[in-house]
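The structure file upload.cif is reproduced below (mmCIF, C-alpha atoms).
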data_model
loop_
_atom_site.group_PDB
_atom_site.id
_atom_site.type_symbol
_atom_site.label_atom_id
_atom_site.label_comp_id
_atom_site.auth_asym_id
_atom_site.auth_seq_id
_atom_site.Cartn_x
_atom_site.Cartn_y
_atom_site.Cartn_z
ATOM 1 C CA MET L 26 -59.585 55.770 41.160
ATOM 2 C CA GLU L 27 -63.190 56.054 42.204
ATOM 3 C CA ASN L 28 -64.336 59.175 44.020
ATOM 4 C CA ILE L 29 -65.483 57.957 47.444
ATOM 5 C CA SER L 30 -67.438 60.319 49.654
ATOM 6 C CA ILE L 31 -69.165 59.778 52.961
ATOM 7 C CA ILE L 32 -72.521 61.341 53.788
ATOM 8 C CA ALA L 33 -73.839 61.331 57.353
ATOM 9 C CA ALA L 34 -75.803 63.286 59.923
ATOM 10 C CA VAL L 35 -73.662 63.545 63.046
ATOM 11 C CA ALA L 36 -74.329 64.975 66.522
ATOM 12 C CA THR L 37 -71.745 67.209 68.200
ATOM 13 C CA ASN L 38 -70.636 64.203 70.300
ATOM 14 C CA ASN L 39 -70.264 62.159 67.037
ATOM 15 C CA ALA L 40 -73.400 60.142 67.840
ATOM 16 C CA ILE L 41 -75.232 58.724 64.812
ATOM 17 C CA GLY L 42 -77.498 56.011 66.228
ATOM 18 C CA ASN L 43 -78.829 54.176 69.235
ATOM 19 C CA LYS L 44 -80.190 50.614 69.334
ATOM 20 C CA GLY L 45 -80.438 50.527 65.549
ATOM 21 C CA ASP L 46 -82.442 53.741 65.269
ATOM 22 C CA LEU L 47 -81.636 57.226 64.080
ATOM 23 C CA LEU L 48 -81.478 59.867 66.794
ATOM 24 C CA TRP L 49 -83.541 62.572 65.053
ATOM 25 C CA HIS L 50 -85.807 63.275 62.108
ATOM 26 C CA LEU L 51 -84.792 66.294 60.033
ATOM 27 C CA PRO L 52 -86.800 66.527 56.786
ATOM 28 C CA GLU L 53 -84.362 69.069 55.345
ATOM 29 C CA ASP L 54 -81.476 66.659 55.929
ATOM 30 C CA LEU L 55 -83.351 63.910 54.070
ATOM 31 C CA GLN L 56 -83.873 66.289 51.123
ATOM 32 C CA TYR L 57 -80.170 67.215 51.210
ATOM 33 C CA PHE L 58 -79.222 63.514 51.214
ATOM 34 C CA LYS L 59 -81.506 62.837 48.261
ATOM 35 C CA ARG L 60 -80.167 65.813 46.268
ATOM 36 C CA ILE L 61 -76.487 64.994 46.896
ATOM 37 C CA THR L 62 -76.691 61.232 46.235
ATOM 38 C CA ASN L 63 -79.219 61.295 43.373
ATOM 39 C CA GLY L 64 -77.886 59.573 40.242
ATOM 40 C CA HIS L 65 -74.863 58.121 42.030
ATOM 41 C CA THR L 66 -73.816 54.888 43.726
ATOM 42 C CA VAL L 67 -74.687 54.418 47.399
ATOM 43 C CA VAL L 68 -72.971 51.826 49.600
ATOM 44 C CA MET L 69 -74.365 50.688 52.924
ATOM 45 C CA GLY L 70 -74.222 47.914 55.453
ATOM 46 C CA LEU L 71 -77.039 45.407 55.877
ATOM 47 C CA ARG L 72 -78.488 47.131 58.978
ATOM 48 C CA THR L 73 -78.710 50.417 57.107
ATOM 49 C CA TRP L 74 -80.359 48.636 54.178
ATOM 50 C CA ASN L 75 -82.891 47.024 56.534
ATOM 51 C CA SER L 76 -83.689 50.407 58.109
ATOM 52 C CA LEU L 77 -84.521 52.152 54.814
ATOM 53 C CA PRO L 78 -88.184 53.092 54.453
ATOM 54 C CA VAL L 79 -87.911 52.898 50.627
ATOM 55 C CA LYS L 80 -85.862 50.100 49.058
ATOM 56 C CA PRO L 81 -83.872 50.313 46.903
ATOM 57 C CA LEU L 82 -83.161 54.040 46.998
ATOM 58 C CA PRO L 83 -84.529 55.331 43.689
ATOM 59 C CA ASN L 84 -82.299 56.667 40.907
ATOM 60 C CA ARG L 85 -79.137 55.312 42.568
ATOM 61 C CA ARG L 86 -77.003 52.218 42.219
ATOM 62 C CA ASN L 87 -77.590 50.480 45.576
ATOM 63 C CA ILE L 88 -74.815 48.279 46.966
ATOM 64 C CA VAL L 89 -74.975 46.439 50.282
ATOM 65 C CA LEU L 90 -71.724 45.405 51.936
ATOM 66 C CA SER L 91 -72.343 42.250 53.963
ATOM 67 C CA ASP L 92 -70.327 39.316 55.215
ATOM 68 C CA VAL L 93 -73.400 37.128 54.629
ATOM 69 C CA PRO L 94 -74.195 36.031 51.046
ATOM 70 C CA LEU L 95 -77.588 37.498 50.144
ATOM 71 C CA SER L 96 -79.805 38.000 47.145
ATOM 72 C CA ILE L 97 -81.743 41.279 47.210
ATOM 73 C CA ASP L 98 -83.831 42.410 44.234
ATOM 74 C CA GLY L 99 -82.483 45.582 42.644
ATOM 75 C CA VAL L 100 -79.362 45.611 44.799
ATOM 76 C CA GLU L 101 -75.798 44.409 44.401
ATOM 77 C CA VAL L 102 -74.323 42.640 47.411
ATOM 78 C CA CYS L 103 -70.565 42.625 48.028
ATOM 79 C CA LEU L 104 -68.928 40.292 50.511
ATOM 80 C CA SER L 105 -65.695 42.273 50.895
ATOM 81 C CA ILE L 106 -64.272 45.759 50.523
ATOM 82 C CA GLU L 107 -61.932 44.441 47.829
ATOM 83 C CA GLU L 108 -64.871 43.150 45.782
ATOM 84 C CA LEU L 109 -66.687 46.449 46.274
ATOM 85 C CA LEU L 110 -63.686 48.523 45.152
ATOM 86 C CA ARG L 111 -63.454 46.338 42.047
ATOM 87 C CA ILE L 112 -67.081 46.833 41.008
ATOM 88 C CA ILE L 113 -67.170 50.602 41.660
ATOM 89 C CA LYS L 114 -63.924 51.276 39.812
ATOM 90 C CA LYS L 115 -65.677 53.044 36.906
ATOM 91 C CA ASP L 116 -68.335 54.847 38.968
ATOM 92 C CA GLU L 117 -68.001 58.619 38.835
ATOM 93 C CA GLN L 118 -69.175 59.181 42.416
ATOM 94 C CA VAL L 119 -69.727 56.744 45.279
ATOM 95 C CA PHE L 120 -71.376 57.660 48.584
ATOM 96 C CA ILE L 121 -70.926 55.635 51.767
ATOM 97 C CA ILE L 122 -74.234 56.083 53.605
ATOM 98 C CA GLY L 123 -73.805 54.005 56.769
ATOM 99 C CA GLY L 124 -73.867 52.572 59.251
ATOM 100 C CA GLY L 125 -71.168 53.009 61.831
ATOM 101 C CA ILE L 126 -69.059 49.978 60.906
ATOM 102 C CA VAL L 127 -69.135 50.836 57.195
ATOM 103 C CA TYR L 128 -68.230 54.480 57.907
ATOM 104 C CA ASN L 129 -65.187 53.275 59.858
ATOM 105 C CA GLN L 130 -64.176 50.836 57.106
ATOM 106 C CA PHE L 131 -64.209 53.554 54.430
ATOM 107 C CA PHE L 132 -63.123 56.617 56.411
ATOM 108 C CA ASP L 133 -59.486 56.380 55.282
ATOM 109 C CA LEU L 134 -60.537 55.821 51.643
ATOM 110 C CA ALA L 135 -62.877 58.816 51.414
ATOM 111 C CA ASP L 136 -61.763 62.149 50.011
ATOM 112 C CA THR L 137 -64.928 64.139 50.796
ATOM 113 C CA LEU L 138 -67.319 64.191 53.759
ATOM 114 C CA TYR L 139 -70.858 65.573 53.485
ATOM 115 C CA ILE L 140 -71.824 66.103 57.106
ATOM 116 C CA THR L 141 -75.065 67.385 58.521
ATOM 117 C CA GLN L 142 -73.806 68.612 61.880
ATOM 118 C CA VAL L 143 -76.615 68.350 64.423
ATOM 119 C CA LEU L 144 -75.749 70.848 67.141
ATOM 120 C CA HIS L 145 -76.769 68.721 70.095
ATOM 121 C CA ASP L 146 -75.322 65.784 72.058
ATOM 122 C CA PHE L 147 -77.254 62.512 72.138
ATOM 123 C CA GLU L 148 -77.036 59.268 74.077
ATOM 124 C CA ALA L 149 -75.916 56.683 71.544
ATOM 125 C CA ASP L 150 -74.238 53.355 70.941
ATOM 126 C CA THR L 151 -73.068 54.132 67.392
ATOM 127 C CA PHE L 152 -70.646 56.934 66.589
ATOM 128 C CA PHE L 153 -69.094 58.543 63.530
ATOM 129 C CA PRO L 154 -65.273 58.573 63.261
ATOM 130 C CA VAL L 155 -63.542 61.675 64.627
ATOM 131 C CA ILE L 156 -62.848 64.297 61.955
ATOM 132 C CA PHE L 157 -59.388 65.651 62.752
ATOM 133 C CA ALA L 158 -58.570 69.194 61.592
ATOM 134 C CA CYS L 159 -55.079 68.029 60.575
ATOM 135 C CA ASP L 160 -56.651 65.645 58.008
ATOM 136 C CA TRP L 161 -59.757 67.508 56.830
ATOM 137 C CA ALA L 162 -60.672 71.064 55.867
ATOM 138 C CA VAL L 163 -64.169 72.533 55.730
ATOM 139 C CA VAL L 164 -64.602 73.691 52.123
ATOM 140 C CA LYS L 165 -68.276 74.574 52.297
ATOM 141 C CA GLU L 166 -70.602 75.406 55.170
ATOM 142 C CA SER L 167 -74.182 76.522 55.337
ATOM 143 C CA GLU L 168 -75.804 78.846 57.787
ATOM 144 C CA ILE L 169 -77.174 77.257 60.955
ATOM 145 C CA PHE L 170 -80.798 76.146 60.558
ATOM 146 C CA THR L 171 -83.415 75.256 63.186
ATOM 147 C CA ASP L 172 -85.861 72.431 62.522
ATOM 148 C CA LYS L 173 -89.401 73.737 63.022
ATOM 149 C CA LYS L 174 -90.722 70.610 64.720
ATOM 150 C CA SER L 175 -87.833 69.325 66.863
ATOM 151 C CA LYS L 176 -86.162 72.746 67.365
ATOM 152 C CA LEU L 177 -82.797 71.050 66.712
ATOM 153 C CA LYS L 178 -80.132 73.290 65.227
ATOM 154 C CA TYR L 179 -78.042 71.884 62.386
ATOM 155 C CA GLN L 180 -75.665 72.892 59.616
ATOM 156 C CA PHE L 181 -74.467 71.347 56.358
ATOM 157 C CA LEU L 182 -70.675 70.987 56.107
ATOM 158 C CA VAL L 183 -68.506 69.646 53.306
ATOM 159 C CA TYR L 184 -64.987 68.525 54.209
ATOM 160 C CA SER L 185 -62.151 67.775 51.837
ATOM 161 C CA ARG L 186 -59.200 65.610 52.821
ATOM 162 C CA PHE L 187 -55.803 67.250 52.822
ATOM 163 C CA ILE L 188 -53.339 65.640 50.426
ATOM 164 C CA ARG L 189 -51.219 63.128 52.301
ATOM 165 C CA LEU L 190 -47.540 62.621 51.530
ATOM 166 C CA LYS L 191 -48.136 58.899 50.918
ATOM 167 C CA ASP L 192 -50.696 59.853 48.221
ATOM 168 C CA LEU L 193 -47.973 61.694 46.296
ATOM 169 C CA GLU L 194 -45.682 58.665 46.071
#
What is this file in structure tokens?
Amino acid sequence: MENISIIAAVATNNAIGNKGDLLWHLPEDLQYFKRITNGHTVVMGLRTWNSLPVKPLPNRRNIVLSDVPLSIDGVEVCLSIEELLRIIKKDEQVFIIGGGIVYNQFFDLADTLYITQVLHDFEADTFFPVIFACDWAVVKESEIFTDKKSKLKYQFLVYSRFIRLKDLE
């Protein structure tokens, strides 16, 4: 089975976006994202693809999940989760990179979460799924950093899913 992880920057109120835009700019988070996903497969929805400043993301297999048939140079487009799971079957590591709908679709399939926890609440219309302590354990956490420009505090967290009884069957 493929190793599916989710990577996201999430506010303390689970906010991740508003009106199609990100809520903050943290250069260190962008470097973290690049380092973690480099050389791996990244999966995103069409809105996330359209919001990328650099397309496709370099040194990664880029896959867009869309319900609209598209042809995008340098990118694979999947029309269903089933099709996506079929084509990533042999990939060593797959990262779900957004947006909100795609995070929700893959949340139950992921075994690792790479979360940049932004220690602030934001007004938003797009939210990350709730991470319940009964399902996930923090296995790695950084110190708390402060962005020099925005003064936002943030921390890098890695969660691992607890083994579920149904997974043992």
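Within the file as shown, the PyMOL selection byres ((chain L and resi 68) around 6) identifies L:Val67, L:Met69, L:Ile88, L:Val89, L:Ile121, L:Ile122.
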Practice prompt. Name the closest residue to Ile188 (chain L) among the candidates L:Tyr139, L:Phe152, L:Trp161, L:Phe170; distances are taken between atoms, counting all atoms listed in the file.
Written response: L:Trp161
Worksheet item: What does the PyMOL selection byres ((chain L and resi 44-49) around 9) select in this file, as a PyMOL selection string?
Response: chain L and resi 36+40-43+50-51+72-73+76+147-151+175+177
Worksheet, complete the sentence: Nearest to Val155 (chain L), restricted to all atoms listed in the file and choosing among L:Trp74, L:Tyr128, L:Phe181, L:Phe120, comes out as L:Tyr128
Discussion item. What's the separation between CA of Val100 (chain L) and CA of Lys80 (chain L), in Å to one decimal place?
Written reply: 9.0 Å
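Remark: for Arg85 (chain L), the closest of the candidate residues L:Asp54, L:Glu166, L:Asp116, L:Asp172 is L:Asp116 (distances computed over all atoms listed in the file).
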Fill in: Neighbour list for Val143 (chain L) as a PyMOL selection string, cut-off 8 Å, only C-alpha atoms, skip fewer than 6 positions in-chain
chain L and resi 34-37+177-180
Practice prompt. Between L:Ile31, L:Ile61, L:Val102, L:Ile112, single out the one closest to Asn84 (chain L), counting all atoms listed in the file.
Written response: L:Ile61
Practice prompt. Please tell me which residues are no farther than 7 Å from (-69.0, 62.0, 61.5) in the file, counting only C-alpha atoms, and write them as number ranges by chain.
Written response: L: 33, 35, 39, 140, 153-156
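One finds CA of Pro78 (chain L) at 23.6 Å from CA of Lys176 (chain L).
Selection check: the PyMOL selection byres ((chain L and resi 93) around 12) on the shown file gives Gly70, Leu71, Val89, Leu90, Ser91, Asp92, Pro94, Leu95, Ser96, Ile97, Val102, Cys103, Leu104 and Ser105 of chain L.
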Worksheet item: Phe131 (chain L): which residues within 9 Å, counting all atoms listed in the file, same-chain residues fewer than 4 positions away excluded, as a ChimeraX atom specification?
Response: /L:29-31,106,121,126-127,135
Suppose we keep C-alpha atoms; can you now write the selection as a compact mmCIF listing (two decimals), keeping the file's coordinate frame?
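Once everything was written out, this is selection15.txt:
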# COMPACT_ATOMS: atom_id res chain seq x y z
CA ILE L 29 -65.48 57.96 47.44
CA SER L 30 -67.44 60.32 49.65
CA ILE L 31 -69.17 59.78 52.96
CA ILE L 106 -64.27 45.76 50.52
CA ILE L 121 -70.93 55.64 51.77
CA ILE L 126 -69.06 49.98 60.91
CA VAL L 127 -69.14 50.84 57.20
CA ALA L 135 -62.88 58.82 51.41
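We find CA of Asp136 (chain L) and CA of Glu107 (chain L) to be spaced 17.8 Å apart.
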